[in-house]
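Here the structure is laid out as structure tokens; the discussion comes afterwards.
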Protein chains: 4
Amino acid sequence: MSKARLNIGLVGHGFMGRAHSNAYRKAANFFDVPYEPVLKAVCGRNRRRVEAFQQTWGYESAETDWRKLVERRDINVVDVASPNDTHAEIAIAAAQSGKAVLCEKPLGRNAAESKAIVEAVEKAGVPNMVWYNYRRVPAVALAKELISEGRLGRIFHYRAKFLQDWTISKDLPQGGEALWRLEVQVAGNGVAGDLLAHCVDTALWLNGSFDSVIAVSDTFIKERRHSLTGEVRKVGIDDATAFLARFVNGSLGNFEATRYARGHKALYTFEINGEEASIIWDLHDLHRLQYFDHRDESKLRGWRSIHVTDSDHPYMKHWWVPGLQIGYEHTFVHQVADFLCGLAEGSIPGPSFRDGLATDYVTDAVLDSARSGIWQKVPTP
Amino acid sequence: MSKARLNIGLVGHGFMGRAHSNAYRKAANFFDVPYEPVLKAVCGRNRRRVEAFQQTWGYESAETDWRKLVERRDINVVDVASPNDTHAEIAIAAAQSGKAVLCEKPLGRNAAESKAIVEAVEKAGVPNMVWYNYRRVPAVALAKELISEGRLGRIFHYRAKFLQDWTISKDLPQGGEALWRLEVQVAGNGVAGDLLAHCVDTALWLNGSFDSVIAVSDTFIKERRHSLTGEVRKVGIDDATAFLARFVNGSLGNFEATRYARGHKALYTFEINGEEASIIWDLHDLHRLQYFDHRDESKLRGWRSIHVTDSDHPYMKHWWVPGLQIGYEHTFVHQVADFLCGLAEGSIPGPSFRDGLATDYVTDAVLDSARSGIWQKVPTP
Amino acid sequence: MSKARLNIGLVGHGFMGRAHSNAYRKAANFFDVPYEPVLKAVCGRNRRRVEAFQQTWGYESAETDWRKLVERRDINVVDVASPNDTHAEIAIAAAQSGKAVLCEKPLGRNAAESKAIVEAVEKAGVPNMVWYNYRRVPAVALAKELISEGRLGRIFHYRAKFLQDWTISKDLPQGGEALWRLEVQVAGNGVAGDLLAHCVDTALWLNGSFDSVIAVSDTFIKERRHSLTGEVRKVGIDDATAFLARFVNGSLGNFEATRYARGHKALYTFEINGEEASIIWDLHDLHRLQYFDHRDESKLRGWRSIHVTDSDHPYMKHWWVPGLQIGYEHTFVHQVADFLCGLAEGSIPGPSFRDGLATDYVTDAVLDSARSGIWQKVPTP
Amino acid sequence: MSKARLNIGLVGHGFMGRAHSNAYRKAANFFDVPYEPVLKAVCGRNRRRVEAFQQTWGYESAETDWRKLVERRDINVVDVASPNDTHAEIAIAAAQSGKAVLCEKPLGRNAAESKAIVEAVEKAGVPNMVWYNYRRVPAVALAKELISEGRLGRIFHYRAKFLQDWTISKDLPQGGEALWRLEVQVAGNGVAGDLLAHCVDTALWLNGSFDSVIAVSDTFIKERRHSLTGEVRKVGIDDATAFLARFVNGSLGNFEATRYARGHKALYTFEINGEEASIIWDLHDLHRLQYFDHRDESKLRGWRSIHVTDSDHPYMKHWWVPGLQIGYEHTFVHQVADFLCGLAEGSIPGPSFRDGLATDYVTDAVLDSARSGIWQKVPTP
């Protein structure tokens, strides 16, 4: 009568480690999932810190060497939530060890790394999923539903931005613990893989493949002190990257990400303009979807602000009552719930590692174009 | 081939004198009106100031005694835009002199004064209209249209507020030129007649008669220096007044006005909740109407923000192109245009002086209730 | 090294039972709490349903008789989350049994019931708290902070509304499972205790005691079928209630709640106007606080939309990163965390049962006034 | 004592002819201008229509040949408000005839035409101004003020969009009366000169010169019927154009215009992100400016929605009282008022024809880049 247990081994216990752990703990409370996720082991390099995390979240054990975790017989799923430069090695080893593999985004630091990861999981035939969590914001899933139902008609425009402002200070160091996103060797690049990648994943899901891109990129603060060594070094990441695109479906794209947009903390927003209807969404009010339908009676046309909290909205019947909003963390719960259901049904829902590779092809093309100044074709994985 | 001319005599040249003059000057440029309003004469007590106004606005002549203006043969319409304590005397004299009479709101300082004015114009049989200009905001007129079409269904709730913050300072004097609204002898009362009256007029128009009211009122700053005499006197006006109401149609009303709502300059707002649909409007974004329709498809229900600038929106085909907004002053232009058309057709559109009296009956009942602490029935005119 | 355990016994497993259970499960993951809450037992009348709930949430045991739960030695805290008509009996028995008692709001069906409960917990000297969860929305807690710091200056106005639209259909039955809120014997009354009580609790917290109130109330649908018996009966609850108030601090209050405001699902909103600054908050976008400060430079004054997700905002350093919003359920987690910390420090934070009684005195005065049509003084507990 | 008169000769009586005429009529009512603009003559090809316009707006005379108007001794100012393909010829002739010249935007159909016009007015030494009216929206002028005061600090990003949806229907014909904006021979190009040009003019004013641009452009509806001939022809205009830019000040630009953004009527919006503060404005709510200042106290930081209607906001002391908004047409009144004052002072305020040429250089570079696919340097005029 009790559910089958699925043992999770988490690598990394930073911001994402918490988000994932919370999701594993909550999924079965709110969703009728076929497996009960068990917090079997968490892995981190620093014993004191990983054990503190273990206790806070109730993991059964702690490891300091990811190789040991990957080899453990009692682990069913390896969840890679460590910095980008570790993804490939860990994910590939986990696949070779026959585990299901979940990996934080971006999959690799570049498409070459990602390709190797994809080949490994596909060769091993293990379930895999990338944590592009924003697909599972109820308002975004509703957007997907509306597009799939054909309500927008022919698409003319897709615009997305991801605006932050947390690196404007010149005194912010690069590298080290919480700041590895500023260090190019660890992160691979800057806002392209960190922020644009979210925009691109959603766009691929909602609007299909990219044909080609032209980009511009800049690094506003040229040198920063390293937080560990204290040394002042050249900053290698892109602080801001924007690109124009042509989609295969004939629509035009406009994408931009920056960490220098004063006033915006995490403003991921997209807008899609179709012949019949348009959609706007933003992460700062993630429980709302703006919708305009030209088929409405002429004098009553207007942007509708849909409070996506009704029971017929995606995922929402599992939560509270209409009008009561959920937040950021719930997107991870949804992903866990979907993963567990897909696992039982033998059909893992996206985004798969191959989907993650598709995003990385776009990122690479964007960064190439920013360097070369010319249009780049985007390969399909 | 040229239009008949209609000679306007304006009494008062303050804020409202400007608004009306602008309306007379613009009406024929934008609307196909049957009469051309001619700025024949303006009247004010101070010769220097009234002549300056005459020149700025292009009036043909200036008077310093309203009695002379009222008696002039070449005046067709007397427009009363002077402080409240002068309305009755001037409007009655104008009616007796056979002129059409337009009067700023509120009609009188109380219902007794207003009743005398109504009797005078009705006895004289002259065209008359009160400047409750907000009826002619396109978004408000659209609300009226939707209600008339029965789209809201049974009405449950009507809420209106008029919030300002310009009298919070203790140092603001009462009385004199621009500050007569703070002097009870001149204004009649405070926010009740100045602000609530607007809310009440719109409510009468959109939701029908009031059955009864219960009110609370307060004067936050008890004494103020008089701007002319310098004397510190008791403040006689209501600084803030709120009331609950039962409408004849069974709906509940909630009304409030204050000049002590920090952060709001002129936030007149109303909301109507019907069985099928609801409406929200506010003066700070007067070119928008918020509309919610329960008959919309369930998962796509949301408040629509209608940008009331399309050619099928009330009045808007006369102005610019969709998306380009008009403002406050245009409500007066609309009222002039409607008045001129009504005059030619022999059917003056509201609000008539009798409509103005209906509002004053509500105001009186509200102030009575605020004093007595008990429910007051509202008489119908 | 491991934390002391605190054994929870939950009575009721409906909507609120879920919200509380989730809070107990999450508190220690996100807050450094001195106790670890243990889900010891859940109680419900229907064995099959209570056991399903037990399994979903991981309770160690299930009871079908609340008396047994209350008497169990291994229970430290009794949490009353069952319908209103059971609060008094259970809470009093729990207090007499020496348990800490948490109770859903409103405390009793009326002040008399609440008074008996307060007397019982105070006589027993047991920790107690009412689940007025909205005090612990970060934006609301920030409002409290700003008021405590004296930033608003003298308060002129307090307005609150709680608007819903879920009972408009005539076909909605009253009574039974999820619909007990429509049955007067069970709920005590309608929107007064269900919705206005939230507004009143927050107001007492933010603006102090009420002096007196005048109210209006209505029941729009007069008869409904009972969901269990099928019988058509008179509806005994108030569908909509509004009241005006005078606060002890001299400010004016305007409160309204209804389940007939088409377009609003759970729009609890309040606005406070002070001499220097004003605040607006609403539950549909609970992660934002609107703030206007008159001391800002004149030409740059405007309502600030504060995205309450920064680490220096109340509670937020425990969650994610700036820009990532939390939702409704987190208010309960905060209440659990505060309760656990208070328990260790020997000083339980509010709202206490006595605070809950204060709200019920207001509710009673409001309903009395709605019946009598006259102002009612509000007693202080 | 009466003012000097300045005789206006208007060429063109479409949408812009009305906007300009209204501005001439109102300027002296609201602003203390040194000249009184006199509506001396209006010119249009169709006698019946031009005379109807003459009568509606009170022009003293009508012409059907612009050459006659330009040569008239009694004309001081020639105002070119006819379609784009006529600008160069008329403006040059007017300059040669010694008139002051005002011209609708864009100045020419391309930079070559504009350059010829600039040379003509500069050779003749006559006052000149382009009607880039959005510089004189009070909120935009306030933005300029804030930037000039150095409040934003180093600029990182400038984004602007102009979104419309009026040409989505395949059945909309091209060419003829109101539809000349769709005909490439008349308009010069599509959204680049019509919409992007507004964005570029404001950007040049607020953020300085462009260094280089990379663009994409598309024509979604490839063929349309001509409204006059009925013939189906290839559409020559750009339906949508977007470009990325590097500004000389080191900031990055992102610009886009389209007539295929369903749901937007005339949504011109820009955002500027500086090191210390950011600004957002949009034309659909033109009376508001969004402002974020990082120097605000940390926990109270938020986007301020400034209702730009106070007397210390640009232009606003000339209109009504705080809280009462003005609209689109007032930007033209402001331009006339500024022009008249500048004329008296011997220093015509911008945008001059040379400023208009600067915009056209950007437009040309953008269209070139859209064709070539490579970055284009932008020449400075």
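Ordered as shown in the structure tokens, chains take letters A, B, and onward, while each chain numbers its residues from 1 and ligands are numbered from 1 in the order shown.
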DSSP on the backbone, strand (DSSP E or B) only: what residues of range 109-348 of chain A does that give? Format it as a PyMOL selection string. chain A and resi 128-130+155-163+174+210-218+223-226+232-234+240-247+252-258+267-274+277-282+288-293+303-307
For range 31-35 of chain C, list every protein, DNA or RNA residue within 8 Å, evaluated using only C-alpha atoms, and leave out those in the same chain fewer than 5 positions away; present the list as a ChimeraX atom specification. /C:3-6,318,337,340-341,344
Next, the residues of the selection above should be written as a compact mmCIF listing (two decimals), in the first residue's frame with C-alpha atoms.
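Ended up saving to again.txt:
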# COMPACT_ATOMS: atom_id res chain seq x y z
CA LYS C 3 16.61 19.61 18.68
CA ALA C 4 13.91 19.09 21.25
CA ARG C 5 10.82 17.64 19.66
CA LEU C 6 7.42 19.24 19.95
CA HIS C 318 15.22 32.73 5.10
CA ALA C 337 8.65 29.58 13.30
CA LEU C 340 8.56 27.90 18.24
CA CYS C 341 11.04 30.69 18.95
CA ALA C 344 11.72 28.71 23.78
Near range 232-240 of chain D, counting only C-alpha atoms, which residues have an atom at most 8 Å away, once you skip same-chain residues fewer than 6 positions from it, shown as a list in words? Gln174, Leu182, Glu183, Val184, Gly188, Asn189, Gly190, Val191, Ala192, Ser217, Asp218, Thr219, Phe220, Ile221, Lys222, Glu223, Arg224, Arg225, His226, Glu256, Ala257, Thr258, Arg259 and Tyr260 of chain D
Would you save the residues from that selection as a short mmCIF file (atom, residue, chain, number, x, y, z; two decimals), in the first residue's frame, using C-alpha atoms?
data_model
loop_
_atom_site.label_atom_id
_atom_site.label_comp_id
_atom_site.auth_asym_id
_atom_site.auth_seq_id
_atom_site.Cartn_x
_atom_site.Cartn_y
_atom_site.Cartn_z
CA GLN D 174 -1.74 50.02 -49.17
CA LEU D 182 2.08 51.66 -46.17
CA GLU D 183 3.34 52.83 -49.56
CA VAL D 184 7.09 52.87 -49.81
CA GLY D 188 10.17 56.18 -47.75
CA ASN D 189 10.01 53.10 -45.58
CA GLY D 190 7.77 51.51 -42.98
CA VAL D 191 8.07 51.44 -39.23
CA ALA D 192 11.67 52.61 -39.35
CA SER D 217 13.72 43.76 -40.55
CA ASP D 218 10.80 41.92 -42.05
CA THR D 219 7.70 42.40 -44.13
CA PHE D 220 5.10 39.93 -42.91
CA ILE D 221 2.43 40.61 -45.50
CA LYS D 222 4.25 40.46 -48.81
CA GLU D 223 1.54 41.78 -51.14
CA ARG D 224 -1.37 44.17 -50.68
CA ARG D 225 -4.01 45.68 -52.88
CA HIS D 226 -3.51 49.37 -53.61
CA GLU D 256 12.21 47.68 -31.92
CA ALA D 257 9.17 48.81 -33.85
CA THR D 258 6.38 46.86 -35.42
CA ARG D 259 2.81 47.15 -36.55
CA TYR D 260 2.23 43.46 -35.78
#
Go through chain D and flag each residue having an atom no more than 12 Å from chain C; for those, report the closest pair of atoms plus their distance in Å to one decimal, using only C-alpha atoms, ordered by chain and rising number, as JSON lines.
{"residue": "D:Pro138", "atom": "CA", "partner": "C:Lys299", "partner_atom": "CA", "distance": 11.6}
{"residue": "D:Ala139", "atom": "CA", "partner": "C:Lys299", "partner_atom": "CA", "distance": 10.7}
{"residue": "D:Leu142", "atom": "CA", "partner": "C:Lys299", "partner_atom": "CA", "distance": 8.6}
{"residue": "D:Ala143", "atom": "CA", "partner": "C:Leu300", "partner_atom": "CA", "distance": 10.5}
{"residue": "D:Glu145", "atom": "CA", "partner": "C:Lys299", "partner_atom": "CA", "distance": 10.5}
{"residue": "D:Leu146", "atom": "CA", "partner": "C:Leu300", "partner_atom": "CA", "distance": 9.5}
{"residue": "D:Arg151", "atom": "CA", "partner": "C:Leu300", "partner_atom": "CA", "distance": 11.5}
{"residue": "D:Ile279", "atom": "CA", "partner": "C:Leu300", "partner_atom": "CA", "distance": 11.5}
{"residue": "D:Arg288", "atom": "CA", "partner": "C:Gly302", "partner_atom": "CA", "distance": 9.4}
{"residue": "D:Leu289", "atom": "CA", "partner": "C:Gly302", "partner_atom": "CA", "distance": 9.0}
{"residue": "D:Gln290", "atom": "CA", "partner": "C:Gly302", "partner_atom": "CA", "distance": 8.5}
{"residue": "D:Tyr291", "atom": "CA", "partner": "C:Leu300", "partner_atom": "CA", "distance": 7.9}
{"residue": "D:Phe292", "atom": "CA", "partner": "C:Arg304", "partner_atom": "CA", "distance": 8.5}
{"residue": "D:Asp293", "atom": "CA", "partner": "C:Leu300", "partner_atom": "CA", "distance": 9.9}
{"residue": "D:Arg295", "atom": "CA", "partner": "C:Asp296", "partner_atom": "CA", "distance": 11.9}
{"residue": "D:Asp296", "atom": "CA", "partner": "C:Asp296", "partner_atom": "CA", "distance": 9.5}
{"residue": "D:Glu297", "atom": "CA", "partner": "C:Asp312", "partner_atom": "CA", "distance": 10.8}
{"residue": "D:Ser298", "atom": "CA", "partner": "C:Asp312", "partner_atom": "CA", "distance": 7.7}
{"residue": "D:Lys299", "atom": "CA", "partner": "C:Asp312", "partner_atom": "CA", "distance": 6.1}
{"residue": "D:Leu300", "atom": "CA", "partner": "C:Ile306", "partner_atom": "CA", "distance": 6.5}
{"residue": "D:Arg301", "atom": "CA", "partner": "C:Ile306", "partner_atom": "CA", "distance": 6.1}
{"residue": "D:Gly302", "atom": "CA", "partner": "C:Ile306", "partner_atom": "CA", "distance": 4.3}
{"residue": "D:Trp303", "atom": "CA", "partner": "C:Arg304", "partner_atom": "CA", "distance": 5.1}
{"residue": "D:Arg304", "atom": "CA", "partner": "C:Arg304", "partner_atom": "CA", "distance": 4.1}
{"residue": "D:Ser305", "atom": "CA", "partner": "C:Gly302", "partner_atom": "CA", "distance": 4.9}
{"residue": "D:Ile306", "atom": "CA", "partner": "C:Gly302", "partner_atom": "CA", "distance": 4.3}
{"residue": "D:His307", "atom": "CA", "partner": "C:Gly302", "partner_atom": "CA", "distance": 6.7}
{"residue": "D:Val308", "atom": "CA", "partner": "C:Lys299", "partner_atom": "CA", "distance": 8.2}
{"residue": "D:Thr309", "atom": "CA", "partner": "C:Lys299", "partner_atom": "CA", "distance": 9.6}
{"residue": "D:Asp310", "atom": "CA", "partner": "C:Lys299", "partner_atom": "CA", "distance": 7.4}
{"residue": "D:Ser311", "atom": "CA", "partner": "C:Lys299", "partner_atom": "CA", "distance": 8.8}
{"residue": "D:Asp312", "atom": "CA", "partner": "C:Lys299", "partner_atom": "CA", "distance": 6.1}
{"residue": "D:His313", "atom": "CA", "partner": "C:Lys299", "partner_atom": "CA", "distance": 6.2}
{"residue": "D:Pro314", "atom": "CA", "partner": "C:Lys299", "partner_atom": "CA", "distance": 9.5}
{"residue": "D:Met316", "atom": "CA", "partner": "C:Lys299", "partner_atom": "CA", "distance": 11.3}
{"residue": "D:Pro322", "atom": "CA", "partner": "C:Lys299", "partner_atom": "CA", "distance": 11.6}
{"residue": "D:Gly323", "atom": "CA", "partner": "C:Gly302", "partner_atom": "CA", "distance": 11.7}
His13 in chain D environment, 8 Å, only C-alpha atoms, sequence neighbours closer than 2 positions dropped, as a list in words: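 Those residues are Leu10, Val11, Phe15, Met16, Gly17, Arg18, Val42, Cys43, Gly44, Val50, Phe53, Ala81 and Ser82 of chain D.
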